[in-house]
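Engineer: There's a structure below that I have some questions on.
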Amino acid sequence: MLDDIYNKSLDNEITPDIANRLIHSANQFQLFDTADNLRKKINGDVVTFVVNKAIDITDNCIIGCKFCSFRNHENYWMTNEEVLDSISQAKSNGATEICLFGGITKEMDINYYCDLIKEIKDNYDICLHALSPAEVFQTAKNSGITTYDALKQLKDAGMDTMTGTSAEILVDSVREQICPNKLNSQEWVDVIKEAHELGIKTTSTMMYGTVESWEDRIKHLFLLKEIQEETNGFTEFVPLTFLGENNELGKTCHGATAIEDLKLHAISRIIFGESIPNIQVSWVKLGFKMTQLALNCGANDIGGTMFEDKISIAAGSEFGGYFPTEKIKQVITDIGRIPQERTTRYDLL
């Protein structure tokens, strides 16, 4: 059966029914092997990574997601000067990408973000991977403009690519339970499609391990695949396992199991095939050993050096700090794979 699945994935013939049957009935180790063989066919033995830094502007936020441990955790707001100083430190460590995001407030309108982005670009030649659909949605609302106009102004100011976070699970019955104040599934899709239309590449993500079912996860994956087939605007897919420390959902939801983590990476590879060729492991969420396992279950990218991920640290991650390039290469070579630095858009360096 799984030999047939391998061919169906390459021929873009995997359906939601097939995916659900695989998750619930297939031998999990055969599933992992099938996904790994697809990875070899699509990406070879190279594992890519980017030298980057995450800058969370503020932990002030009006949204109040039930899975968030970051909101008001330190109650800080970086000045533009502090942001620029942080980028300077990243550049001195060889960073080619800055991930710029943070909490969502009513004060952060289009002028605020455009002024900050222009100041960054006036001072540094670096790829600005910025904001999320939720931040763009609220920025447009704060400014009395459409999300399309907000994206256009952000691009003109110098935003290079956009994150595909704030997706969580793109099933509204789930979102009503875990993030009722955040934009809904269709609004997330609309912002993503508008970004792609404007030539702004984005990542795609899923946060899993709360109240959703496997059927919800599969529905989410096929929605991303549908968008990709229409726009070809996703650079990668990043599964993000739920971390439950210091948040409301963590009191009742215990997160995904290790086997579920690996299954999610594997089924993503099988569903996406070559349509989204890059599956990234979040080492910040999974840790180094689980990252090595996921790289043998369909994934081909290890993300970035990050320097600091305050959001994951607040939720209990023990791996949210700096991941030096040499350590990344070691994690990759220790499993017999080939490390390769890349840009945000997956150009090889």
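All residue names refer to the structure tokens as shown: chains lettered A, B, ... in order, residues numbered from 1 in each chain, ligands numbered from 1 in order.
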Would you pick out the contacts of Lys201 (chain A) at 10 Å or less, using only C-alpha atoms, so that residues sharing its chain but fewer than 4 positions from it are not included, and give the list as a CSV table (one decimal) with all heavy atoms, in the first residue's frame?

Structural biologist:
chain,number,residue,atom,x,y,z
A,129,HIS,N,12.0,39.3,7.4
A,129,HIS,CA,10.9,38.3,7.4
A,129,HIS,C,10.0,38.7,8.6
A,129,HIS,O,10.3,38.5,9.7
A,129,HIS,CB,11.5,36.9,7.7
A,129,HIS,CG,10.5,35.8,7.6
A,129,HIS,ND1,9.7,35.6,6.5
A,129,HIS,CD2,10.3,34.8,8.5
A,129,HIS,CE1,9.0,34.5,6.7
A,129,HIS,NE2,9.3,34.0,7.9
A,160,ASP,N,10.3,42.1,3.2
A,160,ASP,CA,10.7,41.2,2.1
A,160,ASP,C,9.8,40.0,2.0
A,160,ASP,O,9.2,39.7,1.0
A,160,ASP,CB,12.1,40.7,2.3
A,160,ASP,CG,13.1,41.9,2.2
A,160,ASP,OD1,13.3,42.5,1.1
A,160,ASP,OD2,13.8,42.2,3.2
A,161,THR,N,9.6,39.3,3.2
A,161,THR,CA,8.7,38.2,3.2
A,161,THR,C,7.9,38.2,4.5
A,161,THR,O,8.2,39.0,5.4
A,161,THR,CB,9.5,36.8,3.2
A,161,THR,OG1,10.4,36.9,4.4
A,161,THR,CG2,10.3,36.7,2.0
A,162,MET,N,6.8,37.4,4.6
A,162,MET,CA,5.9,37.4,5.7
A,162,MET,C,5.9,36.1,6.4
A,162,MET,O,5.9,35.0,5.7
A,162,MET,CB,4.5,37.9,5.3
A,162,MET,CG,3.5,38.1,6.5
A,162,MET,SD,1.9,38.7,5.9
A,162,MET,CE,1.2,37.2,5.2
A,163,THR,N,5.7,36.0,7.7
A,163,THR,CA,5.6,34.7,8.4
A,163,THR,C,4.2,34.2,8.1
A,163,THR,O,3.2,34.9,7.9
A,163,THR,CB,5.8,34.8,9.9
A,163,THR,OG1,4.7,35.4,10.5
A,163,THR,CG2,7.1,35.7,10.2
A,164,GLY,N,4.1,32.9,8.2
A,164,GLY,CA,2.8,32.2,8.0
A,164,GLY,C,2.2,31.7,9.3
A,164,GLY,O,1.5,30.8,9.4
A,192,ILE,N,-3.0,35.9,3.4
A,192,ILE,CA,-1.9,35.1,2.8
A,192,ILE,C,-2.0,35.2,1.2
A,192,ILE,O,-1.0,35.5,0.6
A,192,ILE,CB,-2.0,33.6,3.2
A,192,ILE,CG1,-1.5,33.4,4.6
A,192,ILE,CG2,-1.2,32.7,2.2
A,192,ILE,CD1,0.0,33.6,4.8
A,193,LYS,N,-3.2,35.1,0.7
A,193,LYS,CA,-3.3,35.1,-0.8
A,193,LYS,C,-3.0,36.5,-1.3
A,193,LYS,O,-2.4,36.7,-2.4
A,193,LYS,CB,-4.7,34.7,-1.2
A,193,LYS,CG,-5.0,33.2,-1.1
A,193,LYS,CD,-6.4,32.9,-1.6
A,193,LYS,CE,-6.7,31.4,-1.7
A,193,LYS,NZ,-8.0,31.1,-2.2
A,195,ALA,N,-0.9,38.6,0.1
A,195,ALA,CA,0.6,38.7,0.1
A,195,ALA,C,1.2,38.0,-1.1
A,195,ALA,O,2.1,38.6,-1.7
A,195,ALA,CB,1.1,38.1,1.4
A,196,HIS,N,0.8,36.8,-1.4
A,196,HIS,CA,1.3,36.1,-2.5
A,196,HIS,C,1.0,36.9,-3.8
A,196,HIS,O,1.9,36.9,-4.7
A,196,HIS,CB,0.7,34.7,-2.6
A,196,HIS,CG,1.1,33.8,-1.5
A,196,HIS,ND1,0.6,32.6,-1.3
A,196,HIS,CD2,1.9,34.1,-0.4
A,196,HIS,CE1,1.1,32.0,-0.2
A,196,HIS,NE2,1.9,32.9,0.3
A,197,GLU,N,-0.2,37.5,-3.9
A,197,GLU,CA,-0.5,38.2,-5.1
A,197,GLU,C,0.4,39.4,-5.3
A,197,GLU,O,0.8,39.8,-6.4
A,197,GLU,CB,-1.9,38.7,-5.0
A,197,GLU,CG,-2.4,39.5,-6.2
A,197,GLU,CD,-3.8,40.1,-6.1
A,197,GLU,OE1,-4.6,39.5,-5.2
A,197,GLU,OE2,-4.2,41.0,-6.8
A,231,THR,N,-1.3,29.8,-5.7
A,231,THR,CA,-0.4,31.0,-5.7
A,231,THR,C,1.1,30.6,-5.8
A,231,THR,O,1.9,31.5,-6.2
A,231,THR,CB,-0.6,31.7,-4.4
A,231,THR,OG1,-0.1,30.9,-3.3
A,231,THR,CG2,-2.1,32.1,-4.1
A,232,ASN,N,1.5,29.4,-5.4
A,232,ASN,CA,2.9,29.1,-5.3
A,232,ASN,C,3.7,30.0,-4.5
A,232,ASN,O,4.8,30.3,-4.8
A,232,ASN,CB,3.5,28.9,-6.7
A,232,ASN,CG,4.8,28.2,-6.7
A,232,ASN,OD1,5.0,27.3,-5.9
A,232,ASN,ND2,5.8,28.6,-7.5
A,233,GLY,N,3.1,30.5,-3.4
A,233,GLY,CA,3.7,31.6,-2.6
A,233,GLY,C,4.3,31.1,-1.3
A,233,GLY,O,5.0,31.9,-0.6
A,234,PHE,N,4.1,29.8,-0.9
A,234,PHE,CA,4.7,29.3,0.3
A,234,PHE,C,6.1,28.8,0.0
A,234,PHE,O,6.4,28.1,-0.9
A,234,PHE,CB,3.9,28.1,0.9
A,234,PHE,CG,2.6,28.5,1.4
A,234,PHE,CD1,1.4,27.7,1.1
A,234,PHE,CD2,2.4,29.5,2.3
A,234,PHE,CE1,0.2,28.0,1.6
A,234,PHE,CE2,1.2,29.9,2.8
A,234,PHE,CZ,0.1,29.1,2.5
A,235,THR,N,7.1,29.2,0.9
A,235,THR,CA,8.4,28.7,0.8
A,235,THR,C,8.6,27.4,1.6
A,235,THR,O,9.5,26.6,1.2
A,235,THR,CB,9.4,29.7,1.4
A,235,THR,OG1,9.0,30.0,2.7
A,235,THR,CG2,9.4,31.0,0.5
A,236,GLU,N,7.8,27.2,2.6
A,236,GLU,CA,8.0,26.0,3.4
A,236,GLU,C,6.8,25.8,4.3
A,236,GLU,O,5.9,26.6,4.4
A,236,GLU,CB,9.2,26.2,4.4
A,236,GLU,CG,8.9,27.4,5.4
A,236,GLU,CD,10.2,27.9,6.1
A,236,GLU,OE1,11.3,27.4,5.8
A,236,GLU,OE2,10.0,28.8,7.0
A,344,THR,N,16.3,33.1,3.1
A,344,THR,CA,14.8,33.0,3.5
A,344,THR,C,14.0,32.4,2.4
A,344,THR,O,13.1,31.6,2.7
A,344,THR,CB,14.3,34.4,3.8
A,344,THR,OG1,15.1,35.1,4.8
A,344,THR,CG2,12.8,34.3,4.4
A,345,ARG,N,14.4,32.7,1.1
A,345,ARG,CA,13.6,32.2,0.0
A,345,ARG,C,14.2,30.8,-0.5
A,345,ARG,O,13.9,30.4,-1.6
A,345,ARG,CB,13.6,33.2,-1.1
A,345,ARG,CG,12.8,34.5,-0.8
A,345,ARG,CD,12.8,35.4,-2.0
A,345,ARG,NE,12.0,36.6,-1.8
A,345,ARG,CZ,12.5,37.7,-1.2
A,345,ARG,NH1,13.8,37.8,-0.9
A,345,ARG,NH2,11.7,38.8,-1.1

Engineer: Using the chain letters and numbers from this document, which residues of region 80-316 of chain A does DSSP assign to strand (DSSP E or B), as a PyMOL selection string?

Structural biologist: chain A and resi 97-101+127-130+161-162+202-208+234-241+279-280+301-304

Engineer: Using N, CA, C and O atoms, can you write the selected residues to a file as a CSV table (one decimal), in the first residue's frame?

Structural biologist:
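Result written to out.csv:
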chain,number,residue,atom,x,y,z
A,97,GLU,N,18.9,37.0,8.0
A,97,GLU,CA,17.4,37.2,8.1
A,97,GLU,C,17.1,37.7,9.5
A,97,GLU,O,17.6,37.2,10.5
A,98,ILE,N,16.1,38.6,9.5
A,98,ILE,CA,15.5,39.1,10.8
A,98,ILE,C,14.1,38.7,10.8
A,98,ILE,O,13.3,39.1,9.9
A,99,CYS,N,13.6,37.9,11.8
A,99,CYS,CA,12.2,37.6,12.0
A,99,CYS,C,11.6,38.7,13.0
A,99,CYS,O,12.0,38.7,14.1
A,100,LEU,N,10.8,39.5,12.5
A,100,LEU,CA,10.3,40.7,13.2
A,100,LEU,C,8.8,40.5,13.5
A,100,LEU,O,8.0,40.5,12.5
A,101,PHE,N,8.4,40.4,14.7
A,101,PHE,CA,7.0,40.2,15.1
A,101,PHE,C,6.8,40.5,16.5
A,101,PHE,O,7.7,41.1,17.2
A,127,CYS,N,17.5,40.6,5.0
A,127,CYS,CA,16.1,40.1,4.7
A,127,CYS,C,15.2,40.3,5.9
A,127,CYS,O,15.5,39.8,7.0
A,128,LEU,N,14.1,41.0,5.7
A,128,LEU,CA,13.2,41.3,6.8
A,128,LEU,C,12.0,40.3,6.6
A,128,LEU,O,11.1,40.5,5.7
A,129,HIS,N,12.0,39.3,7.4
A,129,HIS,CA,10.9,38.3,7.4
A,129,HIS,C,10.0,38.7,8.6
A,129,HIS,O,10.3,38.5,9.7
A,130,ALA,N,8.9,39.4,8.2
A,130,ALA,CA,8.2,40.2,9.3
A,130,ALA,C,6.7,39.9,9.4
A,130,ALA,O,6.0,39.5,8.4
A,161,THR,N,9.6,39.3,3.2
A,161,THR,CA,8.7,38.2,3.2
A,161,THR,C,7.9,38.2,4.5
A,161,THR,O,8.2,39.0,5.4
A,162,MET,N,6.8,37.4,4.6
A,162,MET,CA,5.9,37.4,5.7
A,162,MET,C,5.9,36.1,6.4
A,162,MET,O,5.9,35.0,5.7
A,202,THR,N,5.6,33.7,1.7
A,202,THR,CA,5.4,33.5,3.1
A,202,THR,C,5.7,32.0,3.5
A,202,THR,O,5.8,31.2,2.6
A,203,THR,N,5.9,31.8,4.7
A,203,THR,CA,5.9,30.4,5.2
A,203,THR,C,4.5,30.0,5.4
A,203,THR,O,3.5,30.7,5.3
A,204,SER,N,4.3,28.7,5.8
A,204,SER,CA,3.0,28.2,6.2
A,204,SER,C,3.3,27.4,7.5
A,204,SER,O,4.4,26.8,7.6
A,205,THR,N,2.4,27.4,8.4
A,205,THR,CA,2.6,26.7,9.7
A,205,THR,C,1.3,26.0,10.2
A,205,THR,O,0.2,26.2,9.6
A,206,MET,N,1.5,25.2,11.2
A,206,MET,CA,0.3,24.6,11.9
A,206,MET,C,0.8,24.5,13.4
A,206,MET,O,1.9,23.9,13.7
A,207,MET,N,0.0,25.0,14.3
A,207,MET,CA,0.2,24.7,15.7
A,207,MET,C,-0.8,23.6,16.1
A,207,MET,O,-2.0,23.8,16.0
A,208,TYR,N,-0.2,22.5,16.6
A,208,TYR,CA,-1.1,21.3,16.8
A,208,TYR,C,-0.8,20.8,18.2
A,208,TYR,O,0.2,21.1,18.8
A,234,PHE,N,4.1,29.8,-0.9
A,234,PHE,CA,4.7,29.3,0.3
A,234,PHE,C,6.1,28.8,0.0
A,234,PHE,O,6.4,28.1,-0.9
A,235,THR,N,7.1,29.2,0.9
A,235,THR,CA,8.4,28.7,0.8
A,235,THR,C,8.6,27.4,1.6
A,235,THR,O,9.5,26.6,1.2
A,236,GLU,N,7.8,27.2,2.6
A,236,GLU,CA,8.0,26.0,3.4
A,236,GLU,C,6.8,25.8,4.3
A,236,GLU,O,5.9,26.6,4.4
A,237,PHE,N,6.7,24.6,4.9
A,237,PHE,CA,5.7,24.3,5.9
A,237,PHE,C,6.4,24.0,7.2
A,237,PHE,O,7.4,23.2,7.3
A,238,VAL,N,5.9,24.6,8.3
A,238,VAL,CA,6.6,24.4,9.6
A,238,VAL,C,5.5,23.9,10.7
A,238,VAL,O,4.7,24.6,11.1
A,239,PRO,N,5.6,22.6,11.0
A,239,PRO,CA,4.7,22.1,12.1
A,239,PRO,C,5.3,22.6,13.5
A,239,PRO,O,6.5,22.6,13.7
A,240,LEU,N,4.4,23.1,14.3
A,240,LEU,CA,4.7,23.7,15.6
A,240,LEU,C,4.0,23.0,16.7
A,240,LEU,O,2.7,23.2,16.9
A,241,THR,N,4.6,22.1,17.4
A,241,THR,CA,4.0,21.4,18.5
A,241,THR,C,3.6,22.3,19.7
A,241,THR,O,4.4,23.2,20.0
A,279,ILE,N,9.9,21.0,4.2
A,279,ILE,CA,9.3,20.8,5.5
A,279,ILE,C,10.3,21.1,6.6
A,279,ILE,O,11.4,20.5,6.6
A,280,GLN,N,10.0,22.1,7.4
A,280,GLN,CA,11.0,22.5,8.4
A,280,GLN,C,10.7,21.9,9.8
A,280,GLN,O,9.5,21.8,10.2
A,301,ASP,N,14.6,20.6,6.4
A,301,ASP,CA,15.1,21.9,6.8
A,301,ASP,C,15.1,22.0,8.4
A,301,ASP,O,14.2,21.4,9.0
A,302,ILE,N,16.1,22.7,8.9
A,302,ILE,CA,16.2,22.7,10.4
A,302,ILE,C,15.9,24.1,10.9
A,302,ILE,O,16.1,24.4,12.1
A,303,GLY,N,15.4,25.0,10.1
A,303,GLY,CA,15.1,26.4,10.5
A,303,GLY,C,16.3,27.2,10.7
A,303,GLY,O,17.2,27.2,9.8
A,304,GLY,N,16.4,28.0,11.8
A,304,GLY,CA,17.5,28.9,11.8
A,304,GLY,C,18.2,29.0,13.2
A,304,GLY,O,17.8,28.3,14.1

Engineer: For Gln292 (chain A), which of A:Arg337, A:Arg21, A:Lys263, A:His254 is the closest residue, counting only C-alpha atoms?

Structural biologist: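 Distance minimum relative to Gln292 (chain A) lands on A:Arg337.
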
Engineer: Excluding Asn247 (chain A) and residues on its chain fewer than 6 positions from it, collect all residues at most 6 Å away from it, counting only C-alpha atoms, and give them as a ChimeraX atom specification.

Structural biologist: /A:67-69

Engineer: Kindly save the residues from that selection, with all heavy atoms included, as an mmCIF file, in the first residue's frame.

Structural biologist:
data_model
loop_
_atom_site.group_PDB
_atom_site.id
_atom_site.type_symbol
_atom_site.label_atom_id
_atom_site.label_comp_id
_atom_site.auth_asym_id
_atom_site.auth_seq_id
_atom_site.Cartn_x
_atom_site.Cartn_y
_atom_site.Cartn_z
ATOM 1 N N PHE A 67 -3.526 29.633 24.256
ATOM 2 C CA PHE A 67 -2.299 28.842 24.236
ATOM 3 C C PHE A 67 -1.063 29.697 24.460
ATOM 4 O O PHE A 67 0.059 29.200 24.468
ATOM 5 C CB PHE A 67 -2.156 28.108 22.898
ATOM 6 C CG PHE A 67 -2.240 29.001 21.704
ATOM 7 C CD1 PHE A 67 -1.151 29.765 21.294
ATOM 8 C CD2 PHE A 67 -3.421 29.114 20.991
ATOM 9 C CE1 PHE A 67 -1.236 30.612 20.210
ATOM 10 C CE2 PHE A 67 -3.517 29.958 19.892
ATOM 11 C CZ PHE A 67 -2.412 30.712 19.505
ATOM 12 N N CYS A 68 -1.226 30.997 24.641
ATOM 13 C CA CYS A 68 -0.087 31.924 24.685
ATOM 14 C C CYS A 68 0.465 32.077 26.104
ATOM 15 O O CYS A 68 -0.292 32.339 27.054
ATOM 16 C CB CYS A 68 -0.503 33.292 24.144
ATOM 17 S SG CYS A 68 0.856 34.486 24.101
ATOM 18 N N SER A 69 1.777 31.914 26.224
ATOM 19 C CA SER A 69 2.476 32.165 27.485
ATOM 20 C C SER A 69 3.292 33.455 27.412
ATOM 21 O O SER A 69 3.872 33.877 28.418
ATOM 22 C CB SER A 69 3.426 31.003 27.788
ATOM 23 O OG SER A 69 2.761 29.762 27.738
#

Engineer: Which residues are close to region 114-124 of chain A, i.e. within 7 Å by only C-alpha atoms, leaving aside same-chain residues fewer than 5 positions away? Reply as a PyMOL selection string.

Structural biologist: chain A and resi 80+84+154+157-159

Engineer: Could you save those same residues with N, CA and C atoms as a tab-separated table (two decimals), in the first residue's frame?

Structural biologist:
chain	number	residue	atom	x	y	z
A	80	ASN	N	12.66	51.71	18.67
A	80	ASN	CA	13.30	51.50	17.37
A	80	ASN	C	14.81	51.37	17.52
A	84	LEU	N	17.14	48.24	16.30
A	84	LEU	CA	18.30	48.42	15.43
A	84	LEU	C	19.57	47.85	16.08
A	154	LEU	N	3.54	47.93	3.43
A	154	LEU	CA	4.62	47.24	4.13
A	154	LEU	C	5.70	46.77	3.16
A	157	ALA	N	7.69	49.68	2.00
A	157	ALA	CA	8.59	50.16	3.07
A	157	ALA	C	9.83	49.30	3.16
A	158	GLY	N	9.73	48.03	2.71
A	158	GLY	CA	10.91	47.17	2.75
A	158	GLY	C	10.72	45.79	3.35
A	159	MET	N	9.47	45.42	3.70
A	159	MET	CA	9.23	44.07	4.19
A	159	MET	C	9.43	43.09	3.03

Engineer: Suppose you want the space between CA of Ile200 (chain A) and CA of Ile110 (chain A); what is it in Å?

Structural biologist: 16.9 Å

Engineer: Quick one: of A:Asn181, A:Gln228, A:Gln330, A:Thr79, who's nearest to Gly64 (chain A), counting only C-alpha atoms?

Structural biologist: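 Once distances to Gly64 (chain A) are computed over only C-alpha atoms, the minimum belongs to A:Asn181.
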
Engineer: As JSON, numbers by chain, list the residues of region 46-151 of chain A assigned to alpha helix (DSSP H) by DSSP on the backbone atoms of this structure.

Structural biologist: {"A": [80, 81, 82, 83, 84, 85, 86, 87, 88, 89, 90, 91, 92, 110, 111, 112, 113, 114, 115, 116, 117, 118, 119, 120, 121, 122, 123, 133, 134, 135, 136, 137, 138, 139, 140, 141, 142, 143, 147, 148, 149, 150, 151]}

Engineer: Using only C-alpha atoms, which residues sit within 12 Å of Asp216 (chain A) once same-chain residues fewer than 6 positions away are excluded, as a list of chain:residue names?

Structural biologist: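 The contact residues come out as A:Pro16, A:Ala19, A:Asn20, A:Glu168, A:Ile169, A:Leu170, A:Val171, A:Asp172, A:Ser173, A:Val174, A:Arg175, A:Met206, A:Met207, A:Tyr208, A:Gly209, A:Thr210, A:Phe222, A:Leu223.
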
Engineer: List the spatial neighbours of Ala299 (chain A) as a list in words - criterion: any atom at most 10 Å away, only C-alpha atoms, same-chain residues fewer than 2 positions off excluded.

Structural biologist: Ala35, Asp36, Leu38, Arg39, Lys40, Asn43, Val47, Phe237, Val238, Leu262, His265, Ala266, Ser268, Arg269, Pro277, Asn278, Ile279, Gln280, Val281, Thr291, Gln292, Leu293, Ala294, Leu295, Asn296, Cys297, Asp301 and Ile302 of chain A

Engineer: Applying 10 Å and only C-alpha atoms, which residues near region 325-328 of chain A remain after dropping the ones on its own chain fewer than 5 positions away? List them as an MDAnalysis selection string.

Structural biologist: chainID A and resid 47:51 93:94 283 288 302:305 333 339:341

Engineer: Nearest to Glu187 (chain A): which of A:Gln138, A:Gln153, A:Thr343, A:Gln30 is it, counting only C-alpha atoms?

Structural biologist: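 Selected residue with least distance to Glu187 (chain A): A:Gln138.
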
Engineer: Between A:Asn7, A:Cys253, A:Leu151, A:His24, which residue has the minimum interatomic distance to Gln177 (chain A), considering only C-alpha atoms?

Structural biologist: A:Cys253

Engineer: Would you mind telling me which residue in A:Val284, A:Ile267, A:Ile23, A:Ile57 lies nearest to Ser86 (chain A) when using only C-alpha atoms?

Structural biologist: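 Counting only C-alpha atoms, the residue closest to Ser86 (chain A) is A:Ile57.
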
Engineer: So what do you get for CA of Gly273 (chain A) versus CA of Ser25 (chain A), distance-wise?

Structural biologist: 20.4 Å

Engineer: At what distance in Å, to one decimal, does CA of Met290 (chain A) lie from CA of Gly336 (chain A)?

Structural biologist: 15.5 Å

Engineer: Considering only C-alpha atoms, state which residue in the set A:Glu226, A:Lys66, A:Gly103, A:Leu198 is at the smallest distance from Gly244 (chain A).

Structural biologist: A:Lys66
